[in-house]
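What follows is the content of target.cif (mmCIF, N, CA and C atoms).
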data_entry
#
loop_
_atom_site.label_atom_id
_atom_site.label_comp_id
_atom_site.auth_asym_id
_atom_site.auth_seq_id
_atom_site.Cartn_x
_atom_site.Cartn_y
_atom_site.Cartn_z
N MET A 1 -50.79 -36.76 -70.39
CA MET A 1 -49.67 -37.63 -70.12
C MET A 1 -49.86 -38.35 -68.79
N LEU A 2 -50.40 -37.69 -67.79
CA LEU A 2 -50.60 -38.31 -66.48
C LEU A 2 -51.48 -39.54 -66.59
N ALA A 3 -52.52 -39.47 -67.39
CA ALA A 3 -53.41 -40.62 -67.56
C ALA A 3 -52.67 -41.80 -68.17
N LYS A 4 -51.76 -41.52 -69.12
CA LYS A 4 -51.00 -42.59 -69.74
C LYS A 4 -50.06 -43.25 -68.73
N VAL A 5 -49.41 -42.45 -67.89
CA VAL A 5 -48.51 -42.97 -66.86
C VAL A 5 -49.28 -43.85 -65.90
N ILE A 6 -50.44 -43.40 -65.45
CA ILE A 6 -51.27 -44.18 -64.53
C ILE A 6 -51.69 -45.49 -65.19
N SER A 7 -52.06 -45.43 -66.45
CA SER A 7 -52.45 -46.63 -67.18
C SER A 7 -51.29 -47.62 -67.26
N LEU A 8 -50.10 -47.11 -67.53
CA LEU A 8 -48.93 -47.98 -67.63
C LEU A 8 -48.60 -48.63 -66.29
N LEU A 9 -48.76 -47.88 -65.21
CA LEU A 9 -48.49 -48.44 -63.89
C LEU A 9 -49.43 -49.59 -63.57
N ARG A 10 -50.66 -49.49 -64.00
CA ARG A 10 -51.63 -50.56 -63.75
C ARG A 10 -51.31 -51.81 -64.56
N MET A 11 -50.73 -51.64 -65.76
CA MET A 11 -50.46 -52.77 -66.64
C MET A 11 -49.13 -53.46 -66.32
N ASN A 12 -48.17 -52.75 -65.73
CA ASN A 12 -46.84 -53.29 -65.52
C ASN A 12 -46.69 -53.88 -64.13
N PRO A 13 -45.95 -54.98 -64.04
CA PRO A 13 -45.71 -55.57 -62.74
C PRO A 13 -44.85 -54.60 -61.90
N LYS A 14 -44.91 -54.77 -60.59
CA LYS A 14 -44.14 -53.92 -59.69
C LYS A 14 -42.66 -54.27 -59.82
N VAL A 15 -41.87 -53.32 -60.27
CA VAL A 15 -40.43 -53.48 -60.36
C VAL A 15 -39.83 -52.36 -59.53
N ASP A 16 -39.05 -52.72 -58.53
CA ASP A 16 -38.46 -51.68 -57.69
C ASP A 16 -37.07 -51.30 -58.20
N LYS A 17 -36.54 -50.24 -57.63
CA LYS A 17 -35.24 -49.69 -58.03
C LYS A 17 -34.14 -50.74 -57.95
N ARG A 18 -34.09 -51.46 -56.86
CA ARG A 18 -33.02 -52.45 -56.64
C ARG A 18 -33.06 -53.55 -57.72
N SER A 19 -34.24 -54.10 -57.98
CA SER A 19 -34.31 -55.19 -58.96
C SER A 19 -34.09 -54.68 -60.39
N PHE A 20 -34.51 -53.46 -60.68
CA PHE A 20 -34.31 -52.92 -62.03
C PHE A 20 -32.83 -52.77 -62.34
N TYR A 21 -32.04 -52.28 -61.41
CA TYR A 21 -30.62 -51.99 -61.67
C TYR A 21 -29.67 -53.14 -61.34
N PHE A 22 -30.15 -54.19 -60.70
CA PHE A 22 -29.28 -55.28 -60.26
C PHE A 22 -28.49 -55.91 -61.40
N GLY A 23 -27.16 -55.95 -61.26
CA GLY A 23 -26.28 -56.62 -62.21
C GLY A 23 -26.08 -55.91 -63.54
N LYS A 24 -26.55 -54.68 -63.67
CA LYS A 24 -26.46 -53.97 -64.94
C LYS A 24 -25.28 -52.99 -64.94
N THR A 25 -24.79 -52.74 -66.14
CA THR A 25 -23.81 -51.67 -66.33
C THR A 25 -24.34 -50.72 -67.40
N ILE A 26 -23.94 -49.48 -67.28
CA ILE A 26 -24.37 -48.48 -68.26
C ILE A 26 -23.53 -48.63 -69.52
N THR A 27 -24.19 -48.74 -70.66
CA THR A 27 -23.47 -48.87 -71.93
C THR A 27 -23.51 -47.59 -72.77
N LYS A 28 -24.48 -46.71 -72.47
CA LYS A 28 -24.62 -45.49 -73.26
C LYS A 28 -25.38 -44.45 -72.44
N VAL A 29 -24.96 -43.19 -72.57
CA VAL A 29 -25.66 -42.07 -71.94
C VAL A 29 -25.95 -41.03 -73.01
N GLU A 30 -27.21 -40.64 -73.10
CA GLU A 30 -27.63 -39.58 -74.03
C GLU A 30 -28.20 -38.43 -73.21
N TRP A 31 -27.82 -37.23 -73.57
CA TRP A 31 -28.42 -36.04 -72.95
C TRP A 31 -29.44 -35.47 -73.91
N TRP A 32 -30.57 -35.05 -73.38
CA TRP A 32 -31.65 -34.45 -74.13
C TRP A 32 -31.88 -33.05 -73.58
N ILE A 33 -32.42 -32.17 -74.40
CA ILE A 33 -32.69 -30.80 -73.97
C ILE A 33 -34.10 -30.42 -74.40
N SER A 34 -34.75 -29.63 -73.57
CA SER A 34 -36.12 -29.23 -73.85
C SER A 34 -36.19 -28.21 -74.97
N CYS A 35 -37.16 -28.39 -75.85
CA CYS A 35 -37.43 -27.42 -76.92
C CYS A 35 -38.16 -26.21 -76.36
N ALA A 36 -38.66 -26.33 -75.13
CA ALA A 36 -39.48 -25.27 -74.54
C ALA A 36 -38.67 -24.41 -73.55
N CYS A 37 -37.38 -24.36 -73.71
CA CYS A 37 -36.56 -23.54 -72.82
C CYS A 37 -35.72 -22.57 -73.63
N GLU A 38 -35.18 -21.59 -72.94
CA GLU A 38 -34.28 -20.62 -73.58
C GLU A 38 -33.12 -20.35 -72.64
N TYR A 39 -31.95 -20.17 -73.23
CA TYR A 39 -30.76 -19.85 -72.45
C TYR A 39 -31.01 -18.60 -71.64
N PRO A 40 -30.63 -18.52 -70.39
CA PRO A 40 -29.77 -19.45 -69.64
C PRO A 40 -30.54 -20.53 -68.87
N ASP A 41 -31.86 -20.55 -68.94
CA ASP A 41 -32.66 -21.53 -68.20
C ASP A 41 -32.90 -22.77 -69.05
N LEU A 42 -31.92 -23.66 -69.06
CA LEU A 42 -32.00 -24.87 -69.88
C LEU A 42 -32.57 -26.02 -69.06
N TYR A 43 -33.44 -26.80 -69.67
CA TYR A 43 -34.04 -27.97 -69.03
C TYR A 43 -33.46 -29.21 -69.71
N TRP A 44 -32.84 -30.06 -68.90
CA TRP A 44 -32.14 -31.24 -69.42
C TRP A 44 -32.89 -32.52 -69.10
N GLY A 45 -32.70 -33.51 -69.93
CA GLY A 45 -33.17 -34.86 -69.70
C GLY A 45 -32.00 -35.80 -69.97
N ARG A 46 -32.03 -36.95 -69.32
CA ARG A 46 -30.96 -37.93 -69.53
C ARG A 46 -31.57 -39.29 -69.80
N LEU A 47 -31.02 -39.99 -70.78
CA LEU A 47 -31.42 -41.36 -71.10
C LEU A 47 -30.18 -42.23 -70.98
N ARG A 48 -30.28 -43.29 -70.19
CA ARG A 48 -29.17 -44.24 -70.05
C ARG A 48 -29.62 -45.61 -70.54
N VAL A 49 -28.75 -46.27 -71.28
CA VAL A 49 -29.01 -47.63 -71.78
C VAL A 49 -28.11 -48.58 -70.99
N PHE A 50 -28.65 -49.73 -70.63
CA PHE A 50 -27.93 -50.69 -69.80
C PHE A 50 -27.57 -51.96 -70.58
N SER A 51 -26.68 -52.73 -69.99
CA SER A 51 -26.12 -53.92 -70.63
C SER A 51 -27.16 -54.96 -71.03
N ASP A 52 -28.31 -54.97 -70.39
CA ASP A 52 -29.35 -55.94 -70.74
C ASP A 52 -30.38 -55.38 -71.73
N GLY A 53 -30.15 -54.15 -72.23
CA GLY A 53 -31.06 -53.56 -73.20
C GLY A 53 -32.14 -52.70 -72.60
N THR A 54 -32.27 -52.66 -71.28
CA THR A 54 -33.24 -51.77 -70.65
C THR A 54 -32.67 -50.36 -70.63
N ALA A 55 -33.49 -49.41 -70.20
CA ALA A 55 -33.05 -48.01 -70.17
C ALA A 55 -33.76 -47.27 -69.05
N ASP A 56 -33.19 -46.13 -68.68
CA ASP A 56 -33.91 -45.24 -67.78
C ASP A 56 -33.86 -43.83 -68.35
N ALA A 57 -34.78 -42.99 -67.88
CA ALA A 57 -34.87 -41.61 -68.35
C ALA A 57 -35.22 -40.73 -67.16
N ALA A 58 -34.71 -39.49 -67.21
CA ALA A 58 -34.97 -38.56 -66.12
C ALA A 58 -35.01 -37.13 -66.65
N PHE A 59 -35.84 -36.31 -66.00
CA PHE A 59 -35.91 -34.89 -66.31
C PHE A 59 -35.07 -34.09 -65.34
N ASP A 60 -34.66 -34.71 -64.26
CA ASP A 60 -33.77 -34.10 -63.28
C ASP A 60 -33.12 -35.24 -62.49
N GLU A 61 -32.26 -34.89 -61.56
CA GLU A 61 -31.55 -35.94 -60.83
C GLU A 61 -32.34 -36.50 -59.65
N ALA A 62 -33.53 -35.99 -59.40
CA ALA A 62 -34.31 -36.42 -58.25
C ALA A 62 -35.16 -37.66 -58.50
N LYS A 63 -35.64 -37.85 -59.75
CA LYS A 63 -36.51 -38.99 -60.05
C LYS A 63 -36.16 -39.57 -61.41
N VAL A 64 -36.06 -40.90 -61.44
CA VAL A 64 -35.69 -41.61 -62.66
C VAL A 64 -36.78 -42.64 -62.96
N TYR A 65 -37.07 -42.81 -64.26
CA TYR A 65 -38.10 -43.75 -64.72
C TYR A 65 -37.42 -44.89 -65.46
N GLY A 66 -37.80 -46.13 -65.14
CA GLY A 66 -37.23 -47.31 -65.79
C GLY A 66 -38.11 -47.80 -66.93
N PHE A 67 -37.44 -48.27 -67.99
CA PHE A 67 -38.14 -48.74 -69.20
C PHE A 67 -37.55 -50.06 -69.68
N ASP A 68 -38.36 -50.79 -70.45
CA ASP A 68 -37.92 -52.07 -71.00
C ASP A 68 -36.90 -51.91 -72.12
N ASP A 69 -36.88 -50.75 -72.76
CA ASP A 69 -35.98 -50.54 -73.90
C ASP A 69 -35.70 -49.05 -74.09
N PRO A 70 -34.62 -48.71 -74.81
CA PRO A 70 -34.29 -47.29 -75.03
C PRO A 70 -35.33 -46.54 -75.85
N ASP A 71 -36.02 -47.20 -76.76
CA ASP A 71 -37.05 -46.52 -77.55
C ASP A 71 -38.15 -45.98 -76.65
N SER A 72 -38.60 -46.79 -75.69
CA SER A 72 -39.64 -46.34 -74.77
C SER A 72 -39.17 -45.16 -73.95
N ALA A 73 -37.92 -45.19 -73.48
CA ALA A 73 -37.37 -44.07 -72.72
C ALA A 73 -37.29 -42.81 -73.58
N GLY A 74 -36.91 -42.96 -74.84
CA GLY A 74 -36.85 -41.83 -75.76
C GLY A 74 -38.22 -41.26 -76.06
N TYR A 75 -39.23 -42.13 -76.23
CA TYR A 75 -40.60 -41.66 -76.46
C TYR A 75 -41.08 -40.85 -75.26
N PHE A 76 -40.75 -41.33 -74.07
CA PHE A 76 -41.14 -40.66 -72.84
C PHE A 76 -40.57 -39.24 -72.79
N LEU A 77 -39.29 -39.09 -73.10
CA LEU A 77 -38.67 -37.76 -73.10
C LEU A 77 -39.23 -36.88 -74.22
N SER A 78 -39.37 -37.44 -75.41
CA SER A 78 -39.83 -36.63 -76.54
C SER A 78 -41.29 -36.18 -76.38
N GLU A 79 -42.08 -36.95 -75.65
CA GLU A 79 -43.46 -36.55 -75.42
C GLU A 79 -43.55 -35.23 -74.65
N ASP A 80 -42.54 -34.95 -73.85
CA ASP A 80 -42.49 -33.69 -73.11
C ASP A 80 -41.61 -32.66 -73.81
N GLU A 81 -41.49 -32.80 -75.12
CA GLU A 81 -40.79 -31.83 -75.98
C GLU A 81 -39.29 -31.74 -75.70
N TYR A 82 -38.67 -32.88 -75.44
CA TYR A 82 -37.22 -32.95 -75.34
C TYR A 82 -36.67 -33.55 -76.62
N MET A 83 -35.49 -33.12 -77.00
CA MET A 83 -34.81 -33.66 -78.18
C MET A 83 -33.38 -34.02 -77.79
N ARG A 84 -32.79 -34.94 -78.57
CA ARG A 84 -31.41 -35.32 -78.30
C ARG A 84 -30.49 -34.11 -78.47
N PHE A 85 -29.70 -33.86 -77.47
CA PHE A 85 -28.76 -32.74 -77.52
C PHE A 85 -27.73 -32.96 -78.62
N GLU A 86 -27.23 -34.18 -78.72
CA GLU A 86 -26.19 -34.49 -79.72
C GLU A 86 -26.69 -34.31 -81.15
N GLY A 87 -27.94 -34.54 -81.41
CA GLY A 87 -28.48 -34.44 -82.77
C GLY A 87 -29.16 -33.12 -83.08
N MET A 88 -29.02 -32.16 -82.18
CA MET A 88 -29.70 -30.88 -82.37
C MET A 88 -29.17 -30.17 -83.61
N ASP A 89 -30.08 -29.65 -84.42
CA ASP A 89 -29.64 -28.92 -85.61
C ASP A 89 -29.44 -27.44 -85.29
N GLU A 90 -28.89 -26.72 -86.23
CA GLU A 90 -28.56 -25.30 -86.05
C GLU A 90 -29.80 -24.46 -85.73
N GLU A 91 -30.90 -24.76 -86.38
CA GLU A 91 -32.14 -24.01 -86.16
C GLU A 91 -32.66 -24.20 -84.73
N ASP A 92 -32.65 -25.45 -84.25
CA ASP A 92 -33.09 -25.71 -82.88
C ASP A 92 -32.19 -25.01 -81.87
N ALA A 93 -30.90 -25.07 -82.09
CA ALA A 93 -29.95 -24.43 -81.18
C ALA A 93 -30.17 -22.92 -81.14
N LYS A 94 -30.41 -22.34 -82.28
CA LYS A 94 -30.65 -20.90 -82.37
C LYS A 94 -31.93 -20.52 -81.63
N GLU A 95 -32.97 -21.34 -81.77
CA GLU A 95 -34.24 -21.07 -81.10
C GLU A 95 -34.09 -21.10 -79.58
N ILE A 96 -33.27 -22.01 -79.08
CA ILE A 96 -33.03 -22.10 -77.64
C ILE A 96 -32.04 -21.03 -77.18
N GLY A 97 -31.20 -20.57 -78.10
CA GLY A 97 -30.24 -19.53 -77.77
C GLY A 97 -28.91 -20.05 -77.28
N ILE A 98 -28.50 -21.23 -77.81
CA ILE A 98 -27.22 -21.80 -77.39
C ILE A 98 -26.35 -22.13 -78.59
N ASN A 99 -25.07 -22.29 -78.31
CA ASN A 99 -24.13 -22.86 -79.26
C ASN A 99 -23.79 -24.23 -78.69
N PRO A 100 -24.22 -25.31 -79.35
CA PRO A 100 -23.98 -26.66 -78.80
C PRO A 100 -22.50 -26.96 -78.54
N LEU A 101 -21.61 -26.34 -79.28
CA LEU A 101 -20.18 -26.58 -79.07
C LEU A 101 -19.68 -25.92 -77.79
N GLU A 102 -20.43 -24.96 -77.29
CA GLU A 102 -20.02 -24.25 -76.08
C GLU A 102 -20.93 -24.56 -74.88
N THR A 103 -21.81 -25.53 -75.04
CA THR A 103 -22.77 -25.89 -74.00
C THR A 103 -22.51 -27.33 -73.56
N SER A 104 -22.54 -27.54 -72.26
CA SER A 104 -22.31 -28.88 -71.72
C SER A 104 -23.50 -29.31 -70.87
N PRO A 105 -23.85 -30.60 -70.93
CA PRO A 105 -24.92 -31.10 -70.06
C PRO A 105 -24.49 -30.99 -68.60
N PRO A 106 -25.46 -31.04 -67.70
CA PRO A 106 -25.13 -30.96 -66.27
C PRO A 106 -24.46 -32.24 -65.77
N ALA A 107 -23.88 -32.17 -64.60
CA ALA A 107 -23.33 -33.35 -63.94
C ALA A 107 -24.31 -33.75 -62.85
N TRP A 108 -25.02 -34.84 -63.06
CA TRP A 108 -26.01 -35.32 -62.09
C TRP A 108 -25.41 -36.45 -61.28
N ARG A 109 -25.77 -36.50 -60.02
CA ARG A 109 -25.35 -37.64 -59.22
C ARG A 109 -26.14 -38.86 -59.71
N THR A 110 -25.60 -40.01 -59.52
CA THR A 110 -26.24 -41.20 -60.09
C THR A 110 -26.66 -42.22 -59.05
N ASP A 111 -26.54 -41.91 -57.78
CA ASP A 111 -26.83 -42.94 -56.78
C ASP A 111 -28.07 -42.67 -55.93
N GLU A 112 -28.44 -41.43 -55.73
CA GLU A 112 -29.57 -41.12 -54.87
C GLU A 112 -30.71 -40.50 -55.68
N PHE A 113 -31.77 -41.26 -55.90
CA PHE A 113 -32.90 -40.76 -56.66
C PHE A 113 -34.12 -41.65 -56.42
N ALA A 114 -35.27 -41.07 -56.58
CA ALA A 114 -36.51 -41.85 -56.54
C ALA A 114 -36.62 -42.60 -57.87
N PHE A 115 -37.32 -43.71 -57.87
CA PHE A 115 -37.41 -44.54 -59.07
C PHE A 115 -38.86 -44.98 -59.29
N GLU A 116 -39.25 -44.99 -60.56
CA GLU A 116 -40.57 -45.50 -60.93
C GLU A 116 -40.42 -46.29 -62.22
N TYR A 117 -40.91 -47.51 -62.21
CA TYR A 117 -40.84 -48.37 -63.38
C TYR A 117 -42.07 -48.16 -64.26
N LEU A 118 -41.85 -47.84 -65.53
CA LEU A 118 -42.95 -47.65 -66.48
C LEU A 118 -43.00 -48.73 -67.55
N GLY A 119 -41.93 -49.52 -67.70
CA GLY A 119 -41.96 -50.63 -68.65
C GLY A 119 -41.85 -50.19 -70.10
N THR A 120 -42.85 -50.55 -70.90
CA THR A 120 -42.89 -50.16 -72.31
C THR A 120 -43.81 -48.96 -72.44
N TYR A 121 -43.33 -47.95 -73.14
CA TYR A 121 -44.07 -46.69 -73.22
C TYR A 121 -44.49 -46.42 -74.63
#

File written out as structure tokens:
Amino acid sequence: MLAKVISLLRMNPKVDKRSFYFGKTITKVEWWISCACEYPDLYWGRLRVFSDGTADAAFDEAKVYGFDDPDSAGYFLSEDEYMRFEGMDEEDAKEIGINPLETSPPAWRTDEFAFEYLGTY
């Protein structure tokens, strides 16, 4: 995966945090959960879609990756074995050891984070 990220950085123009988020509003937030975790140690991912069709994805609140579209952000999360929390089936929930109706995603701050633009993934 690291080689792919480095390759993408070389192909994409430099987009900084300020220019990526300028003038955008969040239109959708999806929470993702790792297939490689077990309760109580849950690993979360977040995908946000913006008013211009771009998206960002994060594995924690410290660093966020920018993408040209939500599909690229979703591919990025799924490559590290994350799945949509909302669409999790009973078997996946059982394997992780949670009841989705009794589990809530974390509350992450949204203003202070490192940013890296990956473009199309």

Per residue of stretch 6-63 of chain A within 6 Å of stretch 94-105 of chain A, record the nearest atom pair and its distance in Å to one decimal, counting all atoms listed in the file, with rows in chain order and ascending residue number, as a Markdown table.
| residue | atom | partner | partner_atom | distance |
| --- | --- | --- | --- | --- |
| A:Cys37 | C | A:Ile96 | CA | 4.9 |
| A:Glu38 | CA | A:Ile96 | C | 4.3 |
| A:Tyr39 | N | A:Ile96 | C | 4.0 |

Store the residues picked out above, limited to N, CA and C atoms, as an mmCIF file, keeping the file's coordinate frame.
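Written file, again_7.cif:
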data_model
loop_
_atom_site.group_PDB
_atom_site.id
_atom_site.type_symbol
_atom_site.label_atom_id
_atom_site.label_comp_id
_atom_site.auth_asym_id
_atom_site.auth_seq_id
_atom_site.Cartn_x
_atom_site.Cartn_y
_atom_site.Cartn_z
ATOM 1 N N CYS A 37 -37.380 -24.360 -73.710
ATOM 2 C CA CYS A 37 -36.560 -23.540 -72.820
ATOM 3 C C CYS A 37 -35.720 -22.570 -73.630
ATOM 4 N N GLU A 38 -35.180 -21.590 -72.940
ATOM 5 C CA GLU A 38 -34.280 -20.620 -73.580
ATOM 6 C C GLU A 38 -33.120 -20.350 -72.640
ATOM 7 N N TYR A 39 -31.950 -20.170 -73.230
ATOM 8 C CA TYR A 39 -30.760 -19.850 -72.450
ATOM 9 C C TYR A 39 -31.010 -18.600 -71.640
#

Run the PyMOL selection byres ((chain A and resi 24) around 7) on the file and write out the hits as a VMD selection string.
chain A and resid 20 to 23 25 to 26 50 to 52

Write out, as a PDB file, in the coordinates of the input, the residues just selected, with N, CA and C atoms.
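Once everything was written out, this is result.pdb:
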ATOM      1  N   PHE A  20     -34.510 -53.460 -60.680  1.00  0.00           N
ATOM      2  CA  PHE A  20     -34.310 -52.920 -62.030  1.00  0.00           C
ATOM      3  C   PHE A  20     -32.830 -52.770 -62.340  1.00  0.00           C
ATOM      4  N   TYR A  21     -32.040 -52.280 -61.410  1.00  0.00           N
ATOM      5  CA  TYR A  21     -30.620 -51.990 -61.670  1.00  0.00           C
ATOM      6  C   TYR A  21     -29.670 -53.140 -61.340  1.00  0.00           C
ATOM      7  N   PHE A  22     -30.150 -54.190 -60.700  1.00  0.00           N
ATOM      8  CA  PHE A  22     -29.280 -55.280 -60.260  1.00  0.00           C
ATOM      9  C   PHE A  22     -28.490 -55.910 -61.400  1.00  0.00           C
ATOM     10  N   GLY A  23     -27.160 -55.950 -61.260  1.00  0.00           N
ATOM     11  CA  GLY A  23     -26.280 -56.620 -62.210  1.00  0.00           C
ATOM     12  C   GLY A  23     -26.080 -55.910 -63.540  1.00  0.00           C
ATOM     13  N   THR A  25     -24.790 -52.740 -66.140  1.00  0.00           N
ATOM     14  CA  THR A  25     -23.810 -51.670 -66.330  1.00  0.00           C
ATOM     15  C   THR A  25     -24.340 -50.720 -67.400  1.00  0.00           C
ATOM     16  N   ILE A  26     -23.940 -49.480 -67.280  1.00  0.00           N
ATOM     17  CA  ILE A  26     -24.370 -48.480 -68.260  1.00  0.00           C
ATOM     18  C   ILE A  26     -23.530 -48.630 -69.520  1.00  0.00           C
ATOM     19  N   PHE A  50     -28.650 -49.730 -70.630  1.00  0.00           N
ATOM     20  CA  PHE A  50     -27.930 -50.690 -69.800  1.00  0.00           C
ATOM     21  C   PHE A  50     -27.570 -51.960 -70.580  1.00  0.00           C
ATOM     22  N   SER A  51     -26.680 -52.730 -69.990  1.00  0.00           N
ATOM     23  CA  SER A  51     -26.120 -53.920 -70.630  1.00  0.00           C
ATOM     24  C   SER A  51     -27.160 -54.960 -71.030  1.00  0.00           C
ATOM     25  N   ASP A  52     -28.310 -54.970 -70.390  1.00  0.00           N
ATOM     26  CA  ASP A  52     -29.350 -55.940 -70.740  1.00  0.00           C
ATOM     27  C   ASP A  52     -30.380 -55.380 -71.730  1.00  0.00           C
TER      28      ASP A  52
END

Using only C-alpha atoms, which protein or nucleic acid residues come within 9 Å of A:Glu86? Drop anything in the same chain fewer than 6 positions from it, and give the result as a PyMOL selection string.
chain A and resi 30-32+100

Would you output that residue set with N, CA and C atoms, as a PDB file, in the frame of the given file?
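Saved to result-v1.pdb:
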ATOM      1  N   GLU A  30     -27.210 -40.640 -73.100  1.00  0.00           N
ATOM      2  CA  GLU A  30     -27.630 -39.580 -74.030  1.00  0.00           C
ATOM      3  C   GLU A  30     -28.200 -38.430 -73.210  1.00  0.00           C
ATOM      4  N   TRP A  31     -27.820 -37.230 -73.570  1.00  0.00           N
ATOM      5  CA  TRP A  31     -28.420 -36.040 -72.950  1.00  0.00           C
ATOM      6  C   TRP A  31     -29.440 -35.470 -73.910  1.00  0.00           C
ATOM      7  N   TRP A  32     -30.570 -35.050 -73.380  1.00  0.00           N
ATOM      8  CA  TRP A  32     -31.650 -34.450 -74.130  1.00  0.00           C
ATOM      9  C   TRP A  32     -31.880 -33.050 -73.580  1.00  0.00           C
ATOM     10  N   PRO A 100     -24.220 -25.310 -79.350  1.00  0.00           N
ATOM     11  CA  PRO A 100     -23.980 -26.660 -78.800  1.00  0.00           C
ATOM     12  C   PRO A 100     -22.500 -26.960 -78.540  1.00  0.00           C
TER      13      PRO A 100
END

Do a neighbour search on A:Ala114 at 7 Å with only C-alpha atoms, toss out local chain neighbours closer than 5 positions, and write the hits as a list in words.
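Skipping anything fewer than 5 positions along the chain leaves Ala62, Lys63 and Val64 of chain A.
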
Which neighbours of A:Gly45 fall inside 9 Å, counting only C-alpha atoms, when residues of the same chain fewer than 5 positions from it are skipped, and could you give them as number ranges by chain?
A: 30-34, 57-60, 77, 82-84

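Shortest atom-to-atom contact with A:Ala55 among A:Thr110, A:Ser78, A:Ser72, A:Ser19: A:Ser72, counting all atoms listed in the file.
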
Could you check the closest approach to A:Tyr121 for each of A:Met88, A:Ala107, A:Ala73, A:Val29 and tell me which residue wins, using only C-alpha atoms?
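Closest to A:Tyr121 of all the choices is A:Ala73.
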
Would you mind reading off the distance between atom CA of A:Leu47 and atom CA of A:Phe85, one decimal, in Å?
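Those two atoms sit 11.1 Å apart.
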
Per DSSP on the backbone, filter chain A down to the residues in strand (DSSP E) and report them as a compact mmCIF listing (two decimals) with N, CA and C atoms, keeping the file's coordinate frame.
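Below you can see result01.txt, which holds the result:
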# COMPACT_ATOMS: atom_id res chain seq x y z
N ILE A 26 -23.94 -49.48 -67.28
CA ILE A 26 -24.37 -48.48 -68.26
C ILE A 26 -23.53 -48.63 -69.52
N THR A 27 -24.19 -48.74 -70.66
CA THR A 27 -23.47 -48.87 -71.93
C THR A 27 -23.51 -47.59 -72.77
N LYS A 28 -24.48 -46.71 -72.47
CA LYS A 28 -24.62 -45.49 -73.26
C LYS A 28 -25.38 -44.45 -72.44
N VAL A 29 -24.96 -43.19 -72.57
CA VAL A 29 -25.66 -42.07 -71.94
C VAL A 29 -25.95 -41.03 -73.01
N GLU A 30 -27.21 -40.64 -73.10
CA GLU A 30 -27.63 -39.58 -74.03
C GLU A 30 -28.20 -38.43 -73.21
N TRP A 31 -27.82 -37.23 -73.57
CA TRP A 31 -28.42 -36.04 -72.95
C TRP A 31 -29.44 -35.47 -73.91
N TRP A 32 -30.57 -35.05 -73.38
CA TRP A 32 -31.65 -34.45 -74.13
C TRP A 32 -31.88 -33.05 -73.58
N ILE A 33 -32.42 -32.17 -74.40
CA ILE A 33 -32.69 -30.80 -73.97
C ILE A 33 -34.10 -30.42 -74.40
N SER A 34 -34.75 -29.63 -73.57
CA SER A 34 -36.12 -29.23 -73.85
C SER A 34 -36.19 -28.21 -74.97
N TRP A 44 -32.84 -30.06 -68.90
CA TRP A 44 -32.14 -31.24 -69.42
C TRP A 44 -32.89 -32.52 -69.10
N GLY A 45 -32.70 -33.51 -69.93
CA GLY A 45 -33.17 -34.86 -69.70
C GLY A 45 -32.00 -35.80 -69.97
N ARG A 46 -32.03 -36.95 -69.32
CA ARG A 46 -30.96 -37.93 -69.53
C ARG A 46 -31.57 -39.29 -69.80
N LEU A 47 -31.02 -39.99 -70.78
CA LEU A 47 -31.42 -41.36 -71.10
C LEU A 47 -30.18 -42.23 -70.98
N ARG A 48 -30.28 -43.29 -70.19
CA ARG A 48 -29.17 -44.24 -70.05
C ARG A 48 -29.62 -45.61 -70.54
N VAL A 49 -28.75 -46.27 -71.28
CA VAL A 49 -29.01 -47.63 -71.78
C VAL A 49 -28.11 -48.58 -70.99
N PHE A 50 -28.65 -49.73 -70.63
CA PHE A 50 -27.93 -50.69 -69.80
C PHE A 50 -27.57 -51.96 -70.58
N ALA A 55 -33.49 -49.41 -70.20
CA ALA A 55 -33.05 -48.01 -70.17
C ALA A 55 -33.76 -47.27 -69.05
N ASP A 56 -33.19 -46.13 -68.68
CA ASP A 56 -33.91 -45.24 -67.78
C ASP A 56 -33.86 -43.83 -68.35
N ALA A 57 -34.78 -42.99 -67.88
CA ALA A 57 -34.87 -41.61 -68.35
C ALA A 57 -35.22 -40.73 -67.16
N ALA A 58 -34.71 -39.49 -67.21
CA ALA A 58 -34.97 -38.56 -66.12
C ALA A 58 -35.01 -37.13 -66.65
N LYS A 63 -35.64 -37.85 -59.75
CA LYS A 63 -36.51 -38.99 -60.05
C LYS A 63 -36.16 -39.57 -61.41
N VAL A 64 -36.06 -40.90 -61.44
CA VAL A 64 -35.69 -41.61 -62.66
C VAL A 64 -36.78 -42.64 -62.96
N TYR A 65 -37.07 -42.81 -64.26
CA TYR A 65 -38.10 -43.75 -64.72
C TYR A 65 -37.42 -44.89 -65.46
N GLY A 66 -37.80 -46.13 -65.14
CA GLY A 66 -37.23 -47.31 -65.79
C GLY A 66 -38.11 -47.80 -66.93
N PHE A 67 -37.44 -48.27 -67.99
CA PHE A 67 -38.14 -48.74 -69.20
C PHE A 67 -37.55 -50.06 -69.68
N TYR A 82 -38.67 -32.88 -75.44
CA TYR A 82 -37.22 -32.95 -75.34
C TYR A 82 -36.67 -33.55 -76.62
N MET A 83 -35.49 -33.12 -77.00
CA MET A 83 -34.81 -33.66 -78.18
C MET A 83 -33.38 -34.02 -77.79
N ARG A 84 -32.79 -34.94 -78.57
CA ARG A 84 -31.41 -35.32 -78.30
C ARG A 84 -30.49 -34.11 -78.47
N ALA A 114 -35.27 -41.07 -56.58
CA ALA A 114 -36.51 -41.85 -56.54
C ALA A 114 -36.62 -42.60 -57.87
N PHE A 115 -37.32 -43.71 -57.87
CA PHE A 115 -37.41 -44.54 -59.07
C PHE A 115 -38.86 -44.98 -59.29
N GLU A 116 -39.25 -44.99 -60.56
CA GLU A 116 -40.57 -45.50 -60.93
C GLU A 116 -40.42 -46.29 -62.22
N TYR A 117 -40.91 -47.51 -62.21
CA TYR A 117 -40.84 -48.37 -63.38
C TYR A 117 -42.07 -48.16 -64.26
N LEU A 118 -41.85 -47.84 -65.53
CA LEU A 118 -42.95 -47.65 -66.48
C LEU A 118 -43.00 -48.73 -67.55
N GLY A 119 -41.93 -49.52 -67.70
CA GLY A 119 -41.96 -50.63 -68.65
C GLY A 119 -41.85 -50.19 -70.10

In Å, rounded to a single decimal, give me how far atom CA of A:Arg46 is from atom C of A:Pro70.
11.5 Å
